[in-house]
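Below: the structure, in structure tokens.
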Amino acid sequence: MEWKSCMGKIKAYIIDIIYIIIGCTIMGTGTSLFLLPNKLSTGGVSGIATIGYYLFNLPLGTTILVLNIPLFIIAFFKIGKEIFTKSIIGTVLLSQAINLFEKIKPLTQDRPLACIYGGILVGVGMAIVLKGNGSTGGTDLLTYIIRTYKPHFKSSSLIVIIDVIIVMLNVIFFKEIEIGLYSAIAIYIMGKMIDIVFEGINFTKMIFIVSNKYKEIAKEIGEKYGRGSTAVYAKGMYTRERRMMLLCVVSRNEVARIKDISLKIDPKAFIIIANARETWGKGFKEKNKNTKLLLIRLKIKNYFNKF
């Protein structure tokens with residue numbers, strides 16, 4: 001049992017490292033081929049390194065690594081050894097990936113395209129690194145260190161403040177307001193891509209159906225689409241009548257069909273359709289297949305306090 005447990009931990013660690021390698025490669029691609037050639041950044045240490053790259057011709061990847069060293073020294077005494085080790089691995093891999101792809105000709109010199117595709121790639125890469133329970137240093141480590149001394153500070157606020165300051169420094173040094181505007185777009189896109197990678201693009205829908213023929217509607221939904229429904233007691237405050245309301249969670253492509261079924265059975269049915277940010281259970285995300293992802297997301301919530 002101990003041998004199996006040990007092998008399981010090793011396997012999990014190797015998988016995490018693979019995630020970090022893939023994520024850092026994608027981040028390096030987005031940074032070197034899109035953001036850096038157009039003087040854009042997603043804040044953090046890379047923003048400071050971008051200034052050094054253009055003012056002093058310093059290699060971006062190497063500068064990022066050097067700037068992270070004092071943060072790692074301080075963080076060594078504040079975070080777990082496993083996270084610390086993976087953070088070092090992630091930072092080194094990212095710096096090497098940036099230095100490698102920096103030698104390739106940029107894919108575009110158009111800033112709007114650069115901020116969009118750079119933000120997408122950096123966001124996807126960052127999400128994959130986080131899935132590997134790793135880090136690439138920079139802002140996340142800095143905010144963590146600040147909060148160890150000032151725990152009442154909110155991580156999300158610190159991240160925004162630090163990124164805004166660094167982007168503004170880029171604007172001041174390069175004397176181009178467009179750099180700040182496009183960098184802000186890239187930061188926003190990066191955040192959205194992290195959400196998409198973690199939560200998927202197929203957001204589920206909640207359908208509320210108020211009808212006297214709720215039994216027939218629930219039966220039809222179950223037989224045709226295999227979706228369960230929950231009957232909830234509801235009371236109309238205007239009519240003072242008590243009715244049953246169906247709650248049904250479905251995929252996005254099933255919404256129109258279920259709405260049609262409901263209205264066909266009861267043309268007077270009152271229907272509300274709303275977004276369900278995340279759904280767990282039969283027919284959607286299964287807990288036993290996503291336990292590790294859930295634990296990682298909880299760590300990220302505690303770490304950043306923003307997801």
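To be explicit about the labels: the chains of the structure tokens are called A, B, and onward in the order shown, and within each one the residues are counted from 1, while ligands get numbers from 1 in the order they are shown.
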Residues near Asn212 of chain A, cut-off 9 Å, only C-alpha atoms, skip fewer than 3 positions along chain, as a PDB file with all heavy atoms, in the first residue's frame:
ATOM      1  N   LYS A 215     -46.436  18.395 -14.404  1.00  0.00           N
ATOM      2  CA  LYS A 215     -46.177  16.956 -14.433  1.00  0.00           C
ATOM      3  C   LYS A 215     -45.946  16.471 -15.860  1.00  0.00           C
ATOM      4  O   LYS A 215     -45.016  15.705 -16.127  1.00  0.00           O
ATOM      5  CB  LYS A 215     -47.349  16.192 -13.803  1.00  0.00           C
ATOM      6  CG  LYS A 215     -47.472  16.363 -12.298  1.00  0.00           C
ATOM      7  CD  LYS A 215     -48.611  15.531 -11.746  1.00  0.00           C
ATOM      8  CE  LYS A 215     -48.726  15.722 -10.228  1.00  0.00           C
ATOM      9  NZ  LYS A 215     -49.848  14.911  -9.668  1.00  0.00           N
ATOM     10  N   ARG A 243     -48.525  27.538  -6.633  1.00  0.00           N
ATOM     11  CA  ARG A 243     -48.298  26.706  -7.807  1.00  0.00           C
ATOM     12  C   ARG A 243     -47.004  25.925  -7.653  1.00  0.00           C
ATOM     13  O   ARG A 243     -46.177  26.231  -6.791  1.00  0.00           O
ATOM     14  CB  ARG A 243     -48.215  27.564  -9.072  1.00  0.00           C
ATOM     15  CG  ARG A 243     -49.537  28.149  -9.539  1.00  0.00           C
ATOM     16  CD  ARG A 243     -49.333  28.824 -10.866  1.00  0.00           C
ATOM     17  NE  ARG A 243     -50.578  29.298 -11.448  1.00  0.00           N
ATOM     18  CZ  ARG A 243     -50.668  29.823 -12.656  1.00  0.00           C
ATOM     19  NH1 ARG A 243     -49.575  29.938 -13.407  1.00  0.00           N
ATOM     20  NH2 ARG A 243     -51.835  30.235 -13.126  1.00  0.00           N
ATOM     21  N   MET A 244     -46.826  24.965  -8.554  1.00  0.00           N
ATOM     22  CA  MET A 244     -45.569  24.231  -8.603  1.00  0.00           C
ATOM     23  C   MET A 244     -44.698  24.822  -9.710  1.00  0.00           C
ATOM     24  O   MET A 244     -45.201  25.112 -10.809  1.00  0.00           O
ATOM     25  CB  MET A 244     -45.806  22.753  -8.878  1.00  0.00           C
ATOM     26  CG  MET A 244     -46.621  22.048  -7.803  1.00  0.00           C
ATOM     27  SD  MET A 244     -45.809  22.081  -6.185  1.00  0.00           S
ATOM     28  CE  MET A 244     -44.387  21.059  -6.496  1.00  0.00           C
ATOM     29  N   MET A 245     -43.450  25.013  -9.420  1.00  0.00           N
ATOM     30  CA  MET A 245     -42.504  25.535 -10.416  1.00  0.00           C
ATOM     31  C   MET A 245     -41.437  24.488 -10.671  1.00  0.00           C
ATOM     32  O   MET A 245     -40.855  23.927  -9.731  1.00  0.00           O
ATOM     33  CB  MET A 245     -41.850  26.826  -9.905  1.00  0.00           C
ATOM     34  CG  MET A 245     -40.839  27.414 -10.881  1.00  0.00           C
ATOM     35  SD  MET A 245     -40.191  29.007 -10.317  1.00  0.00           S
ATOM     36  CE  MET A 245     -39.262  28.492  -8.859  1.00  0.00           C
ATOM     37  N   ASP A 266     -48.204  23.598 -22.597  1.00  0.00           N
ATOM     38  CA  ASP A 266     -48.950  24.661 -21.933  1.00  0.00           C
ATOM     39  C   ASP A 266     -48.547  26.010 -22.524  1.00  0.00           C
ATOM     40  O   ASP A 266     -47.533  26.597 -22.124  1.00  0.00           O
ATOM     41  CB  ASP A 266     -48.686  24.638 -20.427  1.00  0.00           C
ATOM     42  CG  ASP A 266     -49.503  25.697 -19.691  1.00  0.00           C
ATOM     43  OD1 ASP A 266     -50.340  26.374 -20.340  1.00  0.00           O
ATOM     44  OD2 ASP A 266     -49.302  25.852 -18.476  1.00  0.00           O
ATOM     45  N   ALA A 269     -47.581  28.791 -20.154  1.00  0.00           N
ATOM     46  CA  ALA A 269     -46.497  28.567 -19.192  1.00  0.00           C
ATOM     47  C   ALA A 269     -45.604  29.800 -19.085  1.00  0.00           C
ATOM     48  O   ALA A 269     -45.339  30.478 -20.089  1.00  0.00           O
ATOM     49  CB  ALA A 269     -45.660  27.357 -19.615  1.00  0.00           C
TER      50      ALA A 269
END
Can you list, as a short mmCIF file (atom, residue, chain, number, x, y, z; two decimals) with N, CA and C atoms, in the first residue's frame, all residues belonging to segment 93-228 of chain A that DSSP tags as alpha helix (DSSP H)?
data_model
loop_
_atom_site.label_atom_id
_atom_site.label_comp_id
_atom_site.auth_asym_id
_atom_site.auth_seq_id
_atom_site.Cartn_x
_atom_site.Cartn_y
_atom_site.Cartn_z
N LEU A 93 11.18 27.71 -16.42
CA LEU A 93 10.70 27.25 -17.72
C LEU A 93 10.13 28.41 -18.54
N LEU A 94 9.39 29.29 -17.88
CA LEU A 94 8.82 30.44 -18.60
C LEU A 94 9.92 31.34 -19.14
N SER A 95 10.93 31.62 -18.34
CA SER A 95 12.01 32.50 -18.79
C SER A 95 12.75 31.89 -19.98
N GLN A 96 12.97 30.56 -19.93
CA GLN A 96 13.66 29.89 -21.03
C GLN A 96 12.79 29.86 -22.29
N ALA A 97 11.47 29.65 -22.10
CA ALA A 97 10.57 29.63 -23.25
C ALA A 97 10.54 31.00 -23.93
N ILE A 98 10.51 32.06 -23.14
CA ILE A 98 10.50 33.41 -23.69
C ILE A 98 11.78 33.69 -24.45
N ASN A 99 12.92 33.32 -23.86
CA ASN A 99 14.21 33.53 -24.53
C ASN A 99 14.29 32.75 -25.84
N LEU A 100 13.69 31.54 -25.86
CA LEU A 100 13.72 30.71 -27.06
C LEU A 100 12.86 31.30 -28.16
N PHE A 101 11.61 31.62 -27.85
CA PHE A 101 10.68 32.13 -28.87
C PHE A 101 11.00 33.57 -29.27
N ARG A 111 -1.03 46.02 -33.05
CA ARG A 111 -1.26 45.97 -31.61
C ARG A 111 -2.62 45.39 -31.20
N PRO A 112 -3.70 45.75 -31.88
CA PRO A 112 -4.98 45.14 -31.51
C PRO A 112 -4.94 43.61 -31.61
N LEU A 113 -4.37 43.09 -32.69
CA LEU A 113 -4.25 41.64 -32.84
C LEU A 113 -3.31 41.07 -31.78
N ALA A 114 -2.21 41.78 -31.52
CA ALA A 114 -1.22 41.30 -30.55
C ALA A 114 -1.81 41.20 -29.16
N CYS A 115 -2.59 42.20 -28.74
CA CYS A 115 -3.14 42.17 -27.39
C CYS A 115 -4.20 41.07 -27.26
N ILE A 116 -4.94 40.80 -28.34
CA ILE A 116 -5.96 39.76 -28.30
C ILE A 116 -5.33 38.38 -28.24
N TYR A 117 -4.47 38.08 -29.21
CA TYR A 117 -3.88 36.74 -29.27
C TYR A 117 -2.85 36.52 -28.17
N GLY A 118 -2.12 37.57 -27.81
CA GLY A 118 -1.19 37.45 -26.70
C GLY A 118 -1.92 37.19 -25.40
N GLY A 119 -3.03 37.92 -25.16
CA GLY A 119 -3.82 37.71 -23.95
C GLY A 119 -4.40 36.32 -23.89
N ILE A 120 -4.87 35.82 -25.04
CA ILE A 120 -5.44 34.46 -25.10
C ILE A 120 -4.39 33.42 -24.74
N LEU A 121 -3.23 33.50 -25.40
CA LEU A 121 -2.19 32.49 -25.17
C LEU A 121 -1.64 32.54 -23.74
N VAL A 122 -1.38 33.75 -23.24
CA VAL A 122 -0.86 33.88 -21.88
C VAL A 122 -1.90 33.38 -20.86
N GLY A 123 -3.17 33.69 -21.11
CA GLY A 123 -4.23 33.24 -20.21
C GLY A 123 -4.38 31.73 -20.20
N VAL A 124 -4.39 31.12 -21.38
CA VAL A 124 -4.49 29.66 -21.48
C VAL A 124 -3.29 29.00 -20.81
N GLY A 125 -2.09 29.54 -21.10
CA GLY A 125 -0.88 28.99 -20.51
C GLY A 125 -0.88 29.10 -19.00
N MET A 126 -1.29 30.27 -18.48
CA MET A 126 -1.34 30.46 -17.04
C MET A 126 -2.32 29.49 -16.38
N ALA A 127 -3.48 29.28 -17.01
CA ALA A 127 -4.47 28.36 -16.47
C ALA A 127 -3.92 26.94 -16.40
N ILE A 128 -3.19 26.53 -17.43
CA ILE A 128 -2.61 25.19 -17.45
C ILE A 128 -1.55 25.05 -16.35
N VAL A 129 -0.75 26.09 -16.17
CA VAL A 129 0.24 26.08 -15.08
C VAL A 129 -0.46 25.94 -13.73
N LEU A 130 -1.54 26.68 -13.54
CA LEU A 130 -2.28 26.61 -12.28
C LEU A 130 -2.93 25.25 -12.10
N LYS A 131 -3.33 24.61 -13.21
CA LYS A 131 -3.88 23.26 -13.11
C LYS A 131 -2.81 22.28 -12.62
N THR A 139 3.51 38.58 -9.77
CA THR A 139 2.48 39.25 -8.98
C THR A 139 1.88 38.37 -7.90
N ASP A 140 1.61 37.09 -8.24
CA ASP A 140 0.97 36.23 -7.25
C ASP A 140 1.85 36.03 -6.02
N LEU A 141 3.14 35.85 -6.24
CA LEU A 141 4.06 35.70 -5.11
C LEU A 141 4.17 37.00 -4.31
N LEU A 142 4.25 38.11 -5.02
CA LEU A 142 4.37 39.41 -4.36
C LEU A 142 3.15 39.70 -3.49
N THR A 143 1.95 39.43 -4.02
CA THR A 143 0.74 39.68 -3.22
C THR A 143 0.67 38.76 -2.02
N TYR A 144 1.12 37.52 -2.21
CA TYR A 144 1.12 36.57 -1.09
C TYR A 144 2.04 37.07 0.02
N ILE A 145 3.21 37.56 -0.38
CA ILE A 145 4.17 38.07 0.61
C ILE A 145 3.61 39.28 1.34
N ILE A 146 2.98 40.20 0.59
CA ILE A 146 2.40 41.40 1.20
C ILE A 146 1.33 41.01 2.22
N ARG A 147 0.52 40.02 1.87
CA ARG A 147 -0.58 39.62 2.76
C ARG A 147 -0.11 38.89 4.01
N THR A 148 1.10 38.35 3.97
CA THR A 148 1.62 37.74 5.20
C THR A 148 1.93 38.80 6.25
N TYR A 149 2.22 40.02 5.78
CA TYR A 149 2.50 41.12 6.70
C TYR A 149 1.27 42.01 6.90
N SER A 155 -6.34 40.17 -1.75
CA SER A 155 -5.41 39.75 -2.81
C SER A 155 -5.80 40.30 -4.17
N SER A 156 -7.10 40.21 -4.50
CA SER A 156 -7.54 40.68 -5.82
C SER A 156 -7.25 42.17 -6.00
N SER A 157 -7.44 42.94 -4.93
CA SER A 157 -7.17 44.39 -5.00
C SER A 157 -5.68 44.64 -5.19
N LEU A 158 -4.86 43.89 -4.48
CA LEU A 158 -3.41 44.04 -4.60
C LEU A 158 -2.93 43.73 -6.02
N ILE A 159 -3.47 42.64 -6.59
CA ILE A 159 -3.08 42.24 -7.94
C ILE A 159 -3.43 43.33 -8.94
N VAL A 160 -4.64 43.86 -8.83
CA VAL A 160 -5.07 44.92 -9.74
C VAL A 160 -4.19 46.16 -9.58
N ILE A 161 -3.93 46.56 -8.33
CA ILE A 161 -3.12 47.75 -8.06
C ILE A 161 -1.71 47.60 -8.62
N ILE A 162 -1.09 46.44 -8.36
CA ILE A 162 0.27 46.20 -8.84
C ILE A 162 0.32 46.20 -10.37
N ASP A 163 -0.63 45.51 -11.00
CA ASP A 163 -0.64 45.46 -12.46
C ASP A 163 -0.88 46.83 -13.07
N VAL A 164 -1.77 47.62 -12.47
CA VAL A 164 -2.04 48.97 -12.97
C VAL A 164 -0.79 49.84 -12.87
N ILE A 165 -0.09 49.75 -11.73
CA ILE A 165 1.14 50.54 -11.54
C ILE A 165 2.18 50.17 -12.59
N ILE A 166 2.35 48.88 -12.81
CA ILE A 166 3.37 48.43 -13.76
C ILE A 166 3.00 48.82 -15.19
N VAL A 167 1.73 48.68 -15.55
CA VAL A 167 1.30 49.09 -16.89
C VAL A 167 1.49 50.60 -17.07
N MET A 168 1.21 51.37 -16.02
CA MET A 168 1.40 52.82 -16.09
C MET A 168 2.88 53.17 -16.25
N LEU A 169 3.75 52.38 -15.62
CA LEU A 169 5.20 52.59 -15.79
C LEU A 169 5.59 52.37 -17.25
N ASN A 170 4.99 51.33 -17.87
CA ASN A 170 5.25 51.10 -19.29
C ASN A 170 4.83 52.29 -20.14
N VAL A 171 3.67 52.86 -19.80
CA VAL A 171 3.17 54.02 -20.54
C VAL A 171 4.12 55.20 -20.38
N ILE A 172 4.59 55.42 -19.13
CA ILE A 172 5.49 56.55 -18.85
C ILE A 172 6.82 56.40 -19.58
N PHE A 173 7.40 55.20 -19.53
CA PHE A 173 8.71 54.99 -20.15
C PHE A 173 8.64 55.03 -21.67
N PHE A 174 7.59 54.45 -22.24
CA PHE A 174 7.47 54.41 -23.69
C PHE A 174 6.74 55.63 -24.26
N ILE A 177 0.25 56.22 -24.72
CA ILE A 177 -0.93 55.85 -23.96
C ILE A 177 -1.57 54.58 -24.50
N GLU A 178 -1.38 54.31 -25.81
CA GLU A 178 -1.95 53.12 -26.42
C GLU A 178 -1.41 51.84 -25.79
N ILE A 179 -0.17 51.90 -25.33
CA ILE A 179 0.42 50.73 -24.68
C ILE A 179 -0.39 50.33 -23.45
N GLY A 180 -0.76 51.33 -22.66
CA GLY A 180 -1.56 51.05 -21.47
C GLY A 180 -2.95 50.55 -21.82
N LEU A 181 -3.55 51.14 -22.84
CA LEU A 181 -4.91 50.74 -23.22
C LEU A 181 -4.95 49.31 -23.75
N TYR A 182 -4.00 48.99 -24.63
CA TYR A 182 -3.97 47.64 -25.18
C TYR A 182 -3.52 46.61 -24.15
N SER A 183 -2.63 47.01 -23.25
CA SER A 183 -2.20 46.10 -22.19
C SER A 183 -3.36 45.76 -21.26
N ALA A 184 -4.21 46.75 -21.00
CA ALA A 184 -5.40 46.52 -20.16
C ALA A 184 -6.33 45.51 -20.81
N ILE A 185 -6.48 45.60 -22.13
CA ILE A 185 -7.30 44.63 -22.86
C ILE A 185 -6.69 43.24 -22.75
N ALA A 186 -5.37 43.16 -22.91
CA ALA A 186 -4.68 41.87 -22.82
C ALA A 186 -4.86 41.25 -21.44
N ILE A 187 -4.79 42.08 -20.38
CA ILE A 187 -4.96 41.58 -19.01
C ILE A 187 -6.38 41.04 -18.82
N TYR A 188 -7.36 41.76 -19.36
CA TYR A 188 -8.76 41.33 -19.25
C TYR A 188 -8.97 40.00 -19.98
N ILE A 189 -8.45 39.91 -21.20
CA ILE A 189 -8.59 38.67 -21.99
C ILE A 189 -7.90 37.51 -21.27
N MET A 190 -6.74 37.77 -20.70
CA MET A 190 -6.01 36.73 -19.98
C MET A 190 -6.88 36.17 -18.84
N GLY A 191 -7.51 37.06 -18.08
CA GLY A 191 -8.36 36.62 -16.98
C GLY A 191 -9.55 35.80 -17.45
N LYS A 192 -10.17 36.22 -18.57
CA LYS A 192 -11.31 35.49 -19.11
C LYS A 192 -10.90 34.11 -19.61
N MET A 193 -9.71 34.02 -20.21
CA MET A 193 -9.25 32.72 -20.71
C MET A 193 -8.96 31.77 -19.56
N ILE A 194 -8.46 32.28 -18.45
CA ILE A 194 -8.25 31.43 -17.28
C ILE A 194 -9.58 30.86 -16.81
N ASP A 195 -10.62 31.70 -16.78
CA ASP A 195 -11.95 31.24 -16.40
C ASP A 195 -12.46 30.15 -17.35
N ILE A 196 -12.26 30.37 -18.65
CA ILE A 196 -12.77 29.43 -19.65
C ILE A 196 -12.06 28.08 -19.53
N VAL A 197 -10.75 28.10 -19.35
CA VAL A 197 -10.00 26.85 -19.25
C VAL A 197 -10.43 26.06 -18.01
N PHE A 198 -10.68 26.76 -16.91
CA PHE A 198 -11.07 26.08 -15.69
C PHE A 198 -12.53 25.62 -15.71
N GLU A 199 -13.41 26.45 -16.26
CA GLU A 199 -14.84 26.17 -16.16
C GLU A 199 -15.45 25.69 -17.47
N TYR A 214 -47.25 21.03 -14.97
CA TYR A 214 -45.83 20.75 -14.69
C TYR A 214 -45.50 19.26 -14.77
N LYS A 215 -46.44 18.39 -14.40
CA LYS A 215 -46.18 16.96 -14.43
C LYS A 215 -45.95 16.47 -15.86
N GLU A 216 -46.82 16.92 -16.76
CA GLU A 216 -46.67 16.52 -18.16
C GLU A 216 -45.36 17.05 -18.75
N ILE A 217 -45.04 18.29 -18.41
CA ILE A 217 -43.80 18.90 -18.93
C ILE A 217 -42.58 18.15 -18.41
N ALA A 218 -42.57 17.86 -17.10
CA ALA A 218 -41.44 17.14 -16.50
C ALA A 218 -41.28 15.75 -17.11
N LYS A 219 -42.39 15.08 -17.36
CA LYS A 219 -42.35 13.74 -17.96
C LYS A 219 -41.78 13.79 -19.36
N GLU A 220 -42.22 14.77 -20.14
CA GLU A 220 -41.75 14.91 -21.52
C GLU A 220 -40.25 15.23 -21.57
N ILE A 221 -39.80 16.11 -20.69
CA ILE A 221 -38.37 16.46 -20.64
C ILE A 221 -37.54 15.24 -20.26
N GLY A 222 -38.03 14.46 -19.31
CA GLY A 222 -37.31 13.27 -18.88
C GLY A 222 -37.25 12.20 -19.94
N GLU A 223 -38.36 11.98 -20.64
CA GLU A 223 -38.42 10.92 -21.64
C GLU A 223 -37.65 11.28 -22.90
N LYS A 224 -37.74 12.54 -23.33
CA LYS A 224 -37.11 12.93 -24.60
C LYS A 224 -35.63 13.26 -24.47
N TYR A 225 -35.25 13.87 -23.35
CA TYR A 225 -33.87 14.34 -23.22
C TYR A 225 -33.13 13.77 -22.01
#
**Report entry** Nearby residues (only C-alpha atoms) at most 12 Å from Thr91 of chain A, same-chain spacing under 5 positions excluded, as an NGL selection string
**Finding:** :A and (20-21 or 23-25 or 27-28 or 45-46 or 61-69 or 71-72 or 84-86 or 96-98 or 126 or 129 or 134-138 or 140-141)
